[in-house]
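K.L.:
Below you'll find the structure I mean.
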Amino acid sequence: MMSQIRLPIFLLILLLASSVSYACDGFELSKGPFQVIDRFSNEFNIGSCELKGSRAIALTGTISRLASKTSYSLSVKFLSGTGARIGIDSGATYVGNADEVELDEYFLVPAGASKAVFFIKVESRRPSDQVAELINGRVHRAFPVSIHAKNGYVSRFGDSVEWVVASHDRVLDVSAIISVRDIGGGVVSSRELRIPAGAERGIIRFDDIPLGYYSIEAKFLSDGHRGVNLSSSFAVFKSNANDIPDKRFGLDAALSWYGGSDDEVRMALDLMKKAGIGSVRDRLSWAQVNRRQGQFEWGRYLDVARMTSLAGFDVATVFHDSPAWTRPNDQDLLRNDKKPPVLNEAAREFGLRFAQDVGQYINYVEYWNEQNSDFFRGLPFQYAAGLKEFAAGVKEKRSAVSILLGAPTGSPGVFFDELYSNNVIRFVDGVSIHYYKAPGEFISFYSNEFLRNYRLHSRDIPATWVTETGAPVVLDESGSFLKSELDQSTYLAKTFVELLASGQERVFYFFLRDLVEPEFGIWGVLRRDFSPRPSYVTLGSLIRHLEGAKFVASVRNQKYSIFFFKRPDEFRYRAVAWGEGNPDKLLGKYQTVQDHFGRSVGGRMLSREPLFFSEVESLPNAAAVAVGESVVYSRDIPKVRLSSNLRVDGVEFGGVNENGTSIAVSDGGAISLFGVVDGVATTDQLRVRCAASTGVDLLGPSFSELKEDSNKRKRFECAYRAGASLANQSFVKVELFLKGQLVDYSKVVLKPDINLFAKRSHYSSDGLRKCLRWLVRSSPSVRVTLGGESRGVSGCVTPSVVSRQTVSGDAWVFPYAKIDLGPESFRGVAVEVRGVSGAPFPPKNFVLQLVERSGGIWLVDLEARDIGGVKSYVGLFGLAKRAPWKPSSSQSLQLSEVHELMFGWGGYAGKQGDVFGFSIGEVEFVR
């Protein structure tokens, strides 16, 4: 007889409770709350349930109180009976301007799964006080069905469009209504289909579908079960005139990082080819392929490059990192190795192996990317040194591979001014540009920000590529992506036309397939499942319209824009136009007109949506005929070059923790600019000159002696000492001469070390006149509340500023105060800034403006330090720059002429409802 075991009642209850499981049908999900607590993302488990044999499940509910610049995505993890993970499926991602979204998610259950665990992932670039909730979130048992395009998401005009409608439960009778809708939402065709019990699928066929973009909707019904709604999309294109892809049209696909499996990469390549794309941009990681010195493992990067090249595309790639071993004395290693190499010869070896191992598949390579941002944690001279060595290595092994100068983010600014002052243009075949502004602004942007520097620093104009341009999609206030998808299509057509008309050799649209960046939205002309967005159809239609045609003329004014293109084998023109007006009067005679989805739209007036005109008989009298710059597409890099490094007070400079353009040195600090001269030349043919600006003393002779090391490399060193008068333009420089001709140079900008200026004066003390009395200026899109409280020994009122965005648009907020520094001699200013309870800290860096009595404005760059939640900003007057929108008439800042101080932030593309706050501590002046 077995002995009986008696358990305490409380333990029995506990064991029973821990074993309770809930069936998925009708299961209520956690309400939340959900918010970004950490800087980037937080994932919340919202419940789990037993599948009880369910082959499919649906999820409904409402996510309410969505925060701006934040993404919300659903996923489900399927587990076996033992708890092993069977698979993960993702639902939709929601980001944009909606306050709430209705959920209608559907998931097929993989074989062997017995449990489902649900998650909501919240991502943002900044923490938010906004708390989202899931209202009435429930899981429902569903029957398993699916739809997919039989022959892919792209059909050729005149061919039948066929979709497979499948039932994965052979016990059920299933009926389906399949509808095809055009871009305007109108039903083009509709079919009914019955899949009887025992059958697996049926095929729906649609004939005579016109050119354009289409959504397909499937409504499934089965007696006694909740209905299922599925949707997808497809494109109908006309055939290309020829099978040669147009290399001018590119897509940034980053297939090595985001392409997925080999099958997914092949699907992506197939869809790009069907659109007519000729060039593909990928990614590379130097730190991953070259983890140890002398060892290279190309792995996925080589596989994808080979697949892309063999599919007929030109391949461009970019990297923006370096291995840690290239900085041997740097203990401050940063995430993703964004610092440049200190061992510049490592960049040359990387270039050699890149060309040797993968160069047969890659046509173009960018050295770094957006190096005027935190993608690059170094100074311009370091970028230049690495670029020159990398380019030399590539060209030595495979001269046909072209080198591109990495693109700036936004305007090139001071960082690129200094890059050009390090002779980078001479060492590249072309220049990369990123452009995300309005299409109509590119000509002035390109002329003012790029051509000016090309002409200043180069004998010729390099070829330029726009390697990134695009517009994301976001939810509108109603919770729909459609409006921004249509805006994305319009932006794509206008931008490609404007950029090609401006002489850009190639344009790459960003991005191929769903890429979520919460602060912007969702990038991509394809959705995650490869179904096309309207912009994909616009891209394919534009490529077919301009196939082989070169830009020849344009008419642009306040009312309309018309661009004319012409093929060498045609007598008539092709045009793209938008704006206001009657095209019959503006263009004269033409044969056909289509919208940017390829649909025939005869008789339509011009609007903001681009129209495509074919066989235009002649150019209007007002047309400005294209006159291009003399562009050099293939360049010979100099045979010799400088590879420079920097030493300050005996310590070799490895990089910085944030992107910068100058290095801080103390009064009397020792500076050494040293390195090697590489290339094909003898020592007697070379001379290296040491140079410096005012504020820096050269120690030793003007020309450095060249000494060969054990590797026959010619070493140089220039020594300097910093004076007490370092200012905005202080620098050290070395120049390389070959047979008396200047062939290369390296320049480092210096600035005073703000940490050494400990003596400070409050504006209200030391005999100065009074406390600062603050008011505030802001952009029209912002409503500002200005408060204040007494703080500090002086009792001065320090302002607190809370701004709320009333309409979307450019935002800036600048508190200001009258000031009179008189004849005092100050070297800078220090300001402490705190957060304000209930309002996030401003998203942009603070800027100090000094306003003269004459109205001229000086900008003072600020360095920030975060100490116990209080940010301290210090700026040096010697580094002040004249504001480009209201420059001072003086060549240098005169503090006696300053009567107003403005301290705030700006340059932010704000969204309606954004709230930010900060308070300013007492202003101290540095002697």
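Just so we're on the same page: first chain in the structure tokens is A, next is B, and so on; residues restart at 1 for each chain, and ligands are numbered from 1 in the order they show up.
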Per DSSP on the backbone, what are the strand (DSSP E) residues of region 428-595 of chain A, as JSON, numbers by chain?
P.N.:
{"A": [430, 431, 432, 433, 434, 435, 461, 462, 463, 464, 465, 466, 467, 468, 469, 506, 507, 508, 509, 510, 515, 516, 517, 521, 522, 523, 550, 551, 552, 553, 554, 555, 556, 560, 561, 562, 563, 564, 565, 566, 573, 574, 575, 576, 577, 578, 579, 592, 593, 594, 595]}
K.L.:
Neighbours of region 365-382 of chain A within 8 Å (only C-alpha atoms; same-chain residues fewer than 5 positions away dropped), as a compact mmCIF listing (two decimals) with all heavy atoms, in the first residue's frame?
P.N.:
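Listed below is the output, result38.txt:
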```txt
# COMPACT_ATOMS: atom_id res chain seq x y z
N ALA A 316 27.96 49.47 -55.32
CA ALA A 316 28.68 50.45 -54.50
C ALA A 316 28.55 50.00 -53.05
O ALA A 316 27.52 49.45 -52.65
CB ALA A 316 28.10 51.85 -54.68
N THR A 317 29.58 50.23 -52.26
CA THR A 317 29.49 49.90 -50.85
C THR A 317 30.12 51.01 -50.03
O THR A 317 30.84 51.87 -50.56
CB THR A 317 30.15 48.54 -50.54
OG1 THR A 317 29.74 48.10 -49.25
CG2 THR A 317 31.67 48.64 -50.57
N VAL A 318 29.85 50.98 -48.72
CA VAL A 318 30.35 52.01 -47.81
C VAL A 318 30.62 51.37 -46.46
O VAL A 318 29.93 50.42 -46.07
CB VAL A 318 29.33 53.17 -47.67
CG1 VAL A 318 27.99 52.67 -47.17
CG2 VAL A 318 29.86 54.27 -46.76
N PHE A 319 31.64 51.84 -45.77
CA PHE A 319 31.88 51.41 -44.39
C PHE A 319 32.16 52.65 -43.55
O PHE A 319 32.55 53.70 -44.07
CB PHE A 319 33.05 50.42 -44.30
CG PHE A 319 34.38 50.98 -44.70
CD1 PHE A 319 35.23 51.52 -43.76
CD2 PHE A 319 34.79 50.95 -46.03
CE1 PHE A 319 36.46 52.04 -44.13
CE2 PHE A 319 36.02 51.47 -46.41
CZ PHE A 319 36.86 52.01 -45.45
N HIS A 320 31.93 52.54 -42.25
CA HIS A 320 32.20 53.67 -41.36
C HIS A 320 32.63 53.16 -39.99
O HIS A 320 32.03 53.46 -38.97
CB HIS A 320 30.99 54.61 -41.25
CG HIS A 320 29.65 53.94 -41.29
ND1 HIS A 320 29.18 53.15 -40.27
CD2 HIS A 320 28.70 53.93 -42.25
CE1 HIS A 320 27.98 52.71 -40.59
NE2 HIS A 320 27.67 53.15 -41.79
N ASP A 321 33.69 52.36 -40.01
CA ASP A 321 34.27 51.87 -38.77
C ASP A 321 35.70 51.42 -39.04
O ASP A 321 36.13 51.34 -40.19
CB ASP A 321 33.44 50.72 -38.20
CG ASP A 321 33.39 49.51 -39.14
OD1 ASP A 321 33.82 49.63 -40.31
OD2 ASP A 321 32.91 48.44 -38.71
N LYS A 338 33.75 53.57 -34.15
CA LYS A 338 33.57 54.73 -35.02
C LYS A 338 34.81 55.62 -35.09
O LYS A 338 34.85 56.55 -35.88
CB LYS A 338 32.38 55.58 -34.53
CG LYS A 338 31.05 54.84 -34.55
CD LYS A 338 30.68 54.34 -35.93
CE LYS A 338 29.30 53.72 -35.94
NZ LYS A 338 28.98 53.09 -37.23
N LYS A 339 35.80 55.35 -34.25
CA LYS A 339 37.03 56.13 -34.33
C LYS A 339 37.84 55.73 -35.55
O LYS A 339 37.80 54.58 -36.00
CB LYS A 339 37.87 55.94 -33.07
CG LYS A 339 37.36 56.68 -31.84
CD LYS A 339 38.35 56.57 -30.70
CE LYS A 339 37.88 57.36 -29.49
NZ LYS A 339 38.85 57.29 -28.38
N PRO A 340 38.61 56.67 -36.10
CA PRO A 340 39.45 56.35 -37.27
C PRO A 340 40.69 55.56 -36.83
O PRO A 340 41.04 55.54 -35.65
CB PRO A 340 39.85 57.73 -37.79
CG PRO A 340 39.86 58.59 -36.57
CD PRO A 340 38.73 58.08 -35.70
N PRO A 341 41.37 54.92 -37.78
CA PRO A 341 42.61 54.23 -37.43
C PRO A 341 43.71 55.23 -37.07
O PRO A 341 43.78 56.32 -37.64
CB PRO A 341 42.96 53.47 -38.70
CG PRO A 341 42.33 54.26 -39.79
CD PRO A 341 41.06 54.81 -39.21
N VAL A 342 44.55 54.86 -36.12
CA VAL A 342 45.78 55.61 -35.85
C VAL A 342 46.91 55.06 -36.70
O VAL A 342 47.76 55.80 -37.19
CB VAL A 342 46.12 55.54 -34.35
CG1 VAL A 342 47.50 56.13 -34.08
CG2 VAL A 342 45.07 56.27 -33.53
N LEU A 387 41.80 58.01 -45.65
CA LEU A 387 41.28 57.96 -47.02
C LEU A 387 42.42 57.82 -48.03
O LEU A 387 42.35 57.00 -48.96
CB LEU A 387 40.46 59.21 -47.31
CG LEU A 387 40.13 59.47 -48.78
CD1 LEU A 387 39.17 58.41 -49.29
CD2 LEU A 387 39.56 60.85 -48.99
N PHE A 390 43.87 54.29 -47.85
CA PHE A 390 42.92 53.31 -48.38
C PHE A 390 42.85 53.39 -49.90
O PHE A 390 42.89 52.36 -50.60
CB PHE A 390 41.55 53.54 -47.76
CG PHE A 390 40.48 52.63 -48.29
CD1 PHE A 390 40.41 51.30 -47.87
CD2 PHE A 390 39.54 53.08 -49.19
CE1 PHE A 390 39.43 50.45 -48.35
CE2 PHE A 390 38.55 52.24 -49.68
CZ PHE A 390 38.49 50.91 -49.26
N VAL A 401 38.38 50.13 -59.65
CA VAL A 401 37.47 50.41 -58.54
C VAL A 401 37.56 51.90 -58.21
O VAL A 401 38.65 52.43 -57.99
CB VAL A 401 37.82 49.57 -57.30
CG1 VAL A 401 36.95 49.97 -56.12
CG2 VAL A 401 37.64 48.09 -57.61
N SER A 402 36.42 52.57 -58.17
CA SER A 402 36.39 54.01 -57.92
C SER A 402 36.22 54.30 -56.43
O SER A 402 35.49 53.59 -55.73
CB SER A 402 35.25 54.67 -58.69
OG SER A 402 35.47 54.57 -60.09
N ILE A 403 36.90 55.35 -55.97
CA ILE A 403 36.85 55.78 -54.57
C ILE A 403 35.96 57.01 -54.47
O ILE A 403 36.14 57.98 -55.21
CB ILE A 403 38.26 56.12 -54.04
CG1 ILE A 403 39.24 55.00 -54.33
CG2 ILE A 403 38.20 56.43 -52.54
CD1 ILE A 403 38.94 53.70 -53.66
N LEU A 404 35.02 56.97 -53.54
CA LEU A 404 34.13 58.10 -53.31
C LEU A 404 34.42 58.72 -51.95
O LEU A 404 34.59 58.00 -50.96
CB LEU A 404 32.66 57.67 -53.36
CG LEU A 404 32.14 57.10 -54.67
CD1 LEU A 404 30.68 56.68 -54.50
CD2 LEU A 404 32.28 58.08 -55.81
N LEU A 405 34.45 60.04 -51.91
CA LEU A 405 34.51 60.76 -50.64
C LEU A 405 33.18 60.58 -49.93
O LEU A 405 32.12 60.78 -50.52
CB LEU A 405 34.78 62.24 -50.88
CG LEU A 405 34.89 63.15 -49.66
CD1 LEU A 405 36.17 62.84 -48.89
CD2 LEU A 405 34.86 64.62 -50.07
N GLY A 406 33.20 60.18 -48.66
CA GLY A 406 31.96 59.97 -47.91
C GLY A 406 31.10 61.22 -47.86
O GLY A 406 31.60 62.34 -47.85
N ALA A 407 29.79 61.01 -47.79
CA ALA A 407 28.84 62.12 -47.83
C ALA A 407 28.66 62.74 -46.46
O ALA A 407 28.69 62.05 -45.45
CB ALA A 407 27.49 61.63 -48.34
N PRO A 408 28.44 64.06 -46.41
CA PRO A 408 28.07 64.68 -45.13
C PRO A 408 26.62 64.41 -44.81
O PRO A 408 25.82 64.06 -45.68
CB PRO A 408 28.29 66.17 -45.41
CG PRO A 408 28.06 66.32 -46.87
CD PRO A 408 28.55 65.04 -47.51
N THR A 409 26.28 64.54 -43.53
CA THR A 409 24.88 64.58 -43.16
C THR A 409 24.46 66.04 -43.14
O THR A 409 25.11 66.88 -42.51
CB THR A 409 24.64 63.91 -41.80
OG1 THR A 409 23.25 64.00 -41.48
CG2 THR A 409 25.46 64.50 -40.69
N PRO A 412 27.60 70.35 -45.42
CA PRO A 412 28.97 69.89 -45.11
C PRO A 412 29.58 70.63 -43.92
O PRO A 412 30.24 70.02 -43.08
CB PRO A 412 29.74 70.18 -46.40
CG PRO A 412 28.70 70.24 -47.46
CD PRO A 412 27.48 70.79 -46.82
N PHE A 415 33.38 70.93 -40.77
CA PHE A 415 34.13 69.68 -40.86
C PHE A 415 34.61 69.44 -42.28
O PHE A 415 35.78 69.09 -42.51
CB PHE A 415 33.27 68.50 -40.39
CG PHE A 415 34.04 67.22 -40.23
CD1 PHE A 415 34.54 66.85 -38.99
CD2 PHE A 415 34.29 66.38 -41.31
CE1 PHE A 415 35.28 65.67 -38.83
CE2 PHE A 415 35.01 65.22 -41.17
CZ PHE A 415 35.50 64.86 -39.92
N PHE A 416 33.74 69.65 -43.26
CA PHE A 416 34.14 69.42 -44.64
C PHE A 416 35.04 70.54 -45.16
O PHE A 416 35.89 70.28 -46.02
CB PHE A 416 32.90 69.23 -45.52
CG PHE A 416 32.49 67.79 -45.63
CD1 PHE A 416 31.90 67.16 -44.55
CD2 PHE A 416 32.70 67.05 -46.77
CE1 PHE A 416 31.53 65.83 -44.60
CE2 PHE A 416 32.35 65.73 -46.86
CZ PHE A 416 31.75 65.10 -45.76
N GLU A 418 37.39 71.76 -43.49
CA GLU A 418 38.70 71.29 -43.06
C GLU A 418 39.13 70.03 -43.83
O GLU A 418 40.32 69.83 -44.08
CB GLU A 418 38.70 71.02 -41.56
CG GLU A 418 38.53 72.27 -40.72
CD GLU A 418 39.59 73.31 -41.04
OE1 GLU A 418 40.76 72.94 -41.30
OE2 GLU A 418 39.25 74.50 -41.03
N LEU A 419 38.17 69.19 -44.22
CA LEU A 419 38.52 68.04 -45.05
C LEU A 419 39.14 68.49 -46.36
O LEU A 419 40.17 67.97 -46.80
CB LEU A 419 37.27 67.22 -45.34
CG LEU A 419 36.93 66.03 -44.44
CD1 LEU A 419 35.83 65.20 -45.08
CD2 LEU A 419 38.14 65.17 -44.18
N ASN A 422 42.56 69.47 -46.32
CA ASN A 422 43.51 68.37 -46.22
C ASN A 422 43.66 67.62 -47.55
O ASN A 422 44.09 66.46 -47.56
CB ASN A 422 43.10 67.41 -45.10
CG ASN A 422 43.56 67.87 -43.73
OD1 ASN A 422 44.65 67.55 -43.28
ND2 ASN A 422 42.72 68.67 -43.07
N SER A 432 30.37 61.84 -52.74
CA SER A 432 29.03 61.38 -52.37
C SER A 432 28.28 62.47 -51.63
O SER A 432 28.86 63.22 -50.85
CB SER A 432 29.17 60.13 -51.49
OG SER A 432 27.91 59.73 -50.99
N SER A 644 49.59 61.40 -41.90
CA SER A 644 49.93 62.21 -40.72
C SER A 644 49.28 61.69 -39.44
O SER A 644 48.17 61.15 -39.46
CB SER A 644 49.49 63.66 -40.94
OG SER A 644 50.09 64.20 -42.09
N ASN A 645 50.00 61.91 -38.33
CA ASN A 645 49.46 61.69 -36.99
C ASN A 645 49.81 62.91 -36.13
O ASN A 645 50.64 63.73 -36.51
CB ASN A 645 50.02 60.42 -36.37
CG ASN A 645 49.47 59.17 -37.03
OD1 ASN A 645 50.11 58.59 -37.91
ND2 ASN A 645 48.29 58.74 -36.63
N GLY A 654 44.31 59.83 -30.62
CA GLY A 654 43.66 58.68 -31.22
C GLY A 654 42.28 58.96 -31.77
O GLY A 654 41.79 58.23 -32.62
N GLY A 655 41.63 59.99 -31.30
CA GLY A 655 40.26 60.26 -31.73
C GLY A 655 39.54 61.01 -30.63
O GLY A 655 40.14 61.42 -29.63
N VAL A 656 38.25 61.19 -30.80
CA VAL A 656 37.47 61.95 -29.84
C VAL A 656 36.19 61.20 -29.53
O VAL A 656 35.78 60.31 -30.27
CB VAL A 656 37.13 63.36 -30.38
CG1 VAL A 656 38.36 64.24 -30.42
CG2 VAL A 656 36.52 63.27 -31.78
N ASN A 657 35.55 61.57 -28.42
CA ASN A 657 34.31 60.92 -28.04
C ASN A 657 33.09 61.53 -28.73
O ASN A 657 31.98 61.06 -28.57
CB ASN A 657 34.12 60.97 -26.52
CG ASN A 657 35.07 60.02 -25.82
OD1 ASN A 657 35.38 58.96 -26.36
ND2 ASN A 657 35.55 60.39 -24.67
N GLU A 658 33.31 62.59 -29.47
CA GLU A 658 32.26 63.14 -30.30
C GLU A 658 32.91 63.78 -31.51
O GLU A 658 34.09 64.11 -31.50
CB GLU A 658 31.42 64.17 -29.54
CG GLU A 658 32.21 65.33 -28.98
CD GLU A 658 31.36 66.23 -28.12
OE1 GLU A 658 30.33 65.77 -27.62
OE2 GLU A 658 31.73 67.40 -27.96
N ASN A 659 32.14 63.89 -32.58
CA ASN A 659 32.68 64.44 -33.81
C ASN A 659 33.19 65.86 -33.57
O ASN A 659 32.55 66.66 -32.91
CB ASN A 659 31.58 64.45 -34.87
CG ASN A 659 32.05 64.97 -36.20
OD1 ASN A 659 31.86 66.13 -36.50
ND2 ASN A 659 32.68 64.12 -36.98
N GLY A 660 34.36 66.18 -34.09
CA GLY A 660 34.94 67.51 -33.89
C GLY A 660 35.74 67.95 -35.08
O GLY A 660 36.01 67.19 -36.01
N THR A 661 36.16 69.21 -35.07
CA THR A 661 36.96 69.76 -36.17
C THR A 661 38.29 70.31 -35.68
O THR A 661 39.12 70.71 -36.49
CB THR A 661 36.20 70.89 -36.89
OG1 THR A 661 35.85 71.91 -35.94
CG2 THR A 661 34.92 70.36 -37.53
N SER A 662 38.50 70.38 -34.36
CA SER A 662 39.74 70.95 -33.83
C SER A 662 40.10 70.22 -32.55
O SER A 662 39.28 69.54 -31.94
CB SER A 662 39.58 72.45 -33.57
OG SER A 662 38.49 72.70 -32.71
N ILE A 663 41.35 70.41 -32.12
CA ILE A 663 41.83 69.76 -30.91
C ILE A 663 42.25 70.81 -29.90
O ILE A 663 42.85 71.83 -30.26
CB ILE A 663 42.99 68.79 -31.22
CG1 ILE A 663 43.40 68.05 -29.95
CG2 ILE A 663 44.16 69.51 -31.86
CD1 ILE A 663 44.33 66.89 -30.22
N SER A 746 48.59 68.45 -45.09
CA SER A 746 47.80 67.99 -43.94
C SER A 746 47.72 69.13 -42.94
O SER A 746 48.72 69.77 -42.63
CB SER A 746 48.45 66.76 -43.30
OG SER A 746 47.71 66.30 -42.20
N LYS A 747 46.51 69.37 -42.43
CA LYS A 747 46.28 70.54 -41.58
C LYS A 747 45.45 70.13 -40.36
O LYS A 747 44.48 69.37 -40.48
CB LYS A 747 45.54 71.62 -42.37
CG LYS A 747 45.12 72.84 -41.57
CD LYS A 747 44.23 73.74 -42.42
CE LYS A 747 43.61 74.86 -41.62
NZ LYS A 747 42.60 75.62 -42.39
N VAL A 748 45.83 70.65 -39.19
CA VAL A 748 45.09 70.40 -37.95
C VAL A 748 44.75 71.74 -37.31
O VAL A 748 45.63 72.57 -37.08
CB VAL A 748 45.91 69.55 -36.96
CG1 VAL A 748 45.09 69.29 -35.69
CG2 VAL A 748 46.34 68.24 -37.59
```
K.L.:
Select from region 540-753 of chain A everything DSSP, run on the backbone, classes as helix (DSSP H, G or I), then give the selection as a list in words.
P.N.:
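Matching residues for helix (DSSP H, G or I) in region 540-753 of chain A are Gly540, Ser541, Leu542, Ile543, Arg544, His545, Leu546, Pro583, Asp584, Lys585, Leu586, Leu587, Thr683, Asp684 and Gln685 of chain A.
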K.L.:
Save out the residues we just selected, all heavy atoms, as a short mmCIF file (atom, residue, chain, number, x, y, z; two decimals), in the first residue's frame.
P.N.:
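To be explicit, this is the file written out as selection_12.cif:
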```
data_model
loop_
_atom_site.label_atom_id
_atom_site.label_comp_id
_atom_site.auth_asym_id
_atom_site.auth_seq_id
_atom_site.Cartn_x
_atom_site.Cartn_y
_atom_site.Cartn_z
N GLY A 540 9.75 52.57 -61.04
CA GLY A 540 9.78 51.79 -62.27
C GLY A 540 9.22 52.54 -63.45
O GLY A 540 9.73 52.45 -64.58
N SER A 541 8.16 53.32 -63.22
CA SER A 541 7.55 54.09 -64.32
C SER A 541 8.48 55.21 -64.77
O SER A 541 8.60 55.48 -65.99
CB SER A 541 6.21 54.67 -63.85
OG SER A 541 5.32 53.64 -63.47
N LEU A 542 9.15 55.88 -63.83
CA LEU A 542 10.06 56.95 -64.20
C LEU A 542 11.26 56.41 -64.97
O LEU A 542 11.70 57.02 -65.97
CB LEU A 542 10.55 57.66 -62.93
CG LEU A 542 11.55 58.81 -63.13
CD1 LEU A 542 10.92 59.95 -63.90
CD2 LEU A 542 12.09 59.30 -61.80
N ILE A 543 11.81 55.27 -64.54
CA ILE A 543 12.94 54.69 -65.25
C ILE A 543 12.55 54.36 -66.68
O ILE A 543 13.31 54.62 -67.63
CB ILE A 543 13.44 53.43 -64.51
CG1 ILE A 543 14.05 53.83 -63.16
CG2 ILE A 543 14.47 52.69 -65.36
CD1 ILE A 543 14.40 52.64 -62.27
N ARG A 544 11.38 53.81 -66.88
CA ARG A 544 10.93 53.48 -68.24
C ARG A 544 10.71 54.74 -69.06
O ARG A 544 10.98 54.76 -70.26
CB ARG A 544 9.65 52.65 -68.17
CG ARG A 544 9.92 51.21 -67.76
CD ARG A 544 8.69 50.52 -67.20
NE ARG A 544 8.93 49.09 -66.97
CZ ARG A 544 9.63 48.61 -65.96
NH1 ARG A 544 10.15 49.43 -65.04
NH2 ARG A 544 9.82 47.30 -65.84
N HIS A 545 10.24 55.78 -68.43
CA HIS A 545 9.99 57.02 -69.16
C HIS A 545 11.30 57.69 -69.60
O HIS A 545 11.39 58.23 -70.72
CB HIS A 545 9.18 57.99 -68.29
CG HIS A 545 8.86 59.29 -68.95
ND1 HIS A 545 8.15 59.38 -70.12
CD2 HIS A 545 9.15 60.57 -68.58
CE1 HIS A 545 8.02 60.65 -70.46
NE2 HIS A 545 8.63 61.40 -69.54
N LEU A 546 12.31 57.66 -68.73
CA LEU A 546 13.58 58.36 -69.03
C LEU A 546 14.65 57.41 -69.54
O LEU A 546 15.81 57.83 -69.68
CB LEU A 546 14.10 59.05 -67.76
CG LEU A 546 13.22 60.16 -67.18
CD1 LEU A 546 13.91 60.79 -65.98
CD2 LEU A 546 12.88 61.20 -68.23
N PRO A 583 -0.83 72.03 -69.75
CA PRO A 583 0.33 71.48 -70.46
C PRO A 583 0.27 71.69 -71.97
O PRO A 583 1.32 71.77 -72.62
CB PRO A 583 0.31 70.00 -70.08
CG PRO A 583 -1.08 69.72 -69.63
CD PRO A 583 -1.57 70.99 -69.02
N ASP A 584 -0.94 71.76 -72.53
CA ASP A 584 -1.03 71.99 -73.98
C ASP A 584 -0.42 73.33 -74.36
O ASP A 584 0.18 73.48 -75.42
CB ASP A 584 -2.49 71.94 -74.42
CG ASP A 584 -3.10 70.55 -74.25
OD1 ASP A 584 -2.31 69.59 -74.12
OD2 ASP A 584 -4.34 70.44 -74.23
N LYS A 585 -0.57 74.32 -73.49
CA LYS A 585 0.00 75.64 -73.78
C LYS A 585 1.48 75.71 -73.40
O LYS A 585 2.26 76.40 -74.04
CB LYS A 585 -0.78 76.71 -73.02
CG LYS A 585 -2.23 76.86 -73.48
CD LYS A 585 -2.94 77.97 -72.70
CE LYS A 585 -4.36 78.12 -73.18
NZ LYS A 585 -5.09 79.19 -72.42
N LEU A 586 1.86 75.00 -72.34
CA LEU A 586 3.24 75.10 -71.83
C LEU A 586 4.22 74.24 -72.62
O LEU A 586 5.38 74.60 -72.79
CB LEU A 586 3.28 74.70 -70.35
CG LEU A 586 2.45 75.57 -69.41
CD1 LEU A 586 2.53 75.02 -67.98
CD2 LEU A 586 2.92 77.02 -69.43
N LEU A 587 3.75 73.08 -73.11
CA LEU A 587 4.65 72.16 -73.81
C LEU A 587 4.43 72.11 -75.32
O LEU A 587 5.27 71.59 -76.04
CB LEU A 587 4.50 70.74 -73.26
CG LEU A 587 5.19 70.44 -71.93
CD1 LEU A 587 4.31 70.82 -70.77
CD2 LEU A 587 5.55 68.96 -71.82
N THR A 683 64.01 60.13 -51.94
CA THR A 683 64.10 61.14 -50.88
C THR A 683 64.56 62.48 -51.42
O THR A 683 64.06 63.54 -51.00
CB THR A 683 65.05 60.65 -49.77
OG1 THR A 683 64.56 59.41 -49.27
CG2 THR A 683 65.12 61.66 -48.64
N ASP A 684 65.48 62.47 -52.39
CA ASP A 684 65.99 63.74 -52.90
C ASP A 684 64.98 64.49 -53.75
O ASP A 684 65.16 65.68 -54.04
CB ASP A 684 67.29 63.51 -53.69
CG ASP A 684 67.06 62.64 -54.91
OD1 ASP A 684 66.15 61.78 -54.87
OD2 ASP A 684 67.78 62.82 -55.91
N GLN A 685 63.88 63.83 -54.16
CA GLN A 685 62.83 64.49 -54.93
C GLN A 685 61.77 65.15 -54.04
O GLN A 685 60.92 65.89 -54.52
CB GLN A 685 62.13 63.49 -55.85
CG GLN A 685 63.02 62.90 -56.93
CD GLN A 685 62.30 61.81 -57.71
OE1 GLN A 685 61.60 60.97 -57.14
NE2 GLN A 685 62.47 61.83 -59.03
#
```
K.L.:
For each of A:Ile637, A:Ile277, A:Ala346, A:Ala92, take the minimum atom-to-atom distance to Tyr509 (chain A), counting only C-alpha atoms, then give the residue where this is smallest.
P.N.:
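That would be A:Ile277, the residue with the smallest distance to Tyr509 (chain A).
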K.L.:
Which residues, written as a count of residues only, have at least one atom at most 6 Å from region 701-711 of chain A, with only C-alpha atoms counted and residues fewer than 6 positions away on the same chain left out?
P.N.:
3
K.L.:
One decimal, Å: what's the distance from CA of Ser322 (chain A) over to CA of Lys733 (chain A), could you say?
P.N.:
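Atom-to-atom, CA of Ser322 (chain A) to CA of Lys733 (chain A), that is 25.2 Å.
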K.L.:
What separation in Å, quoted to one decimal, exists between CA of His225 (chain A) and CA of Tyr22 (chain A)?
P.N.:
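That distance, rounded to one decimal, is 19.8 Å.
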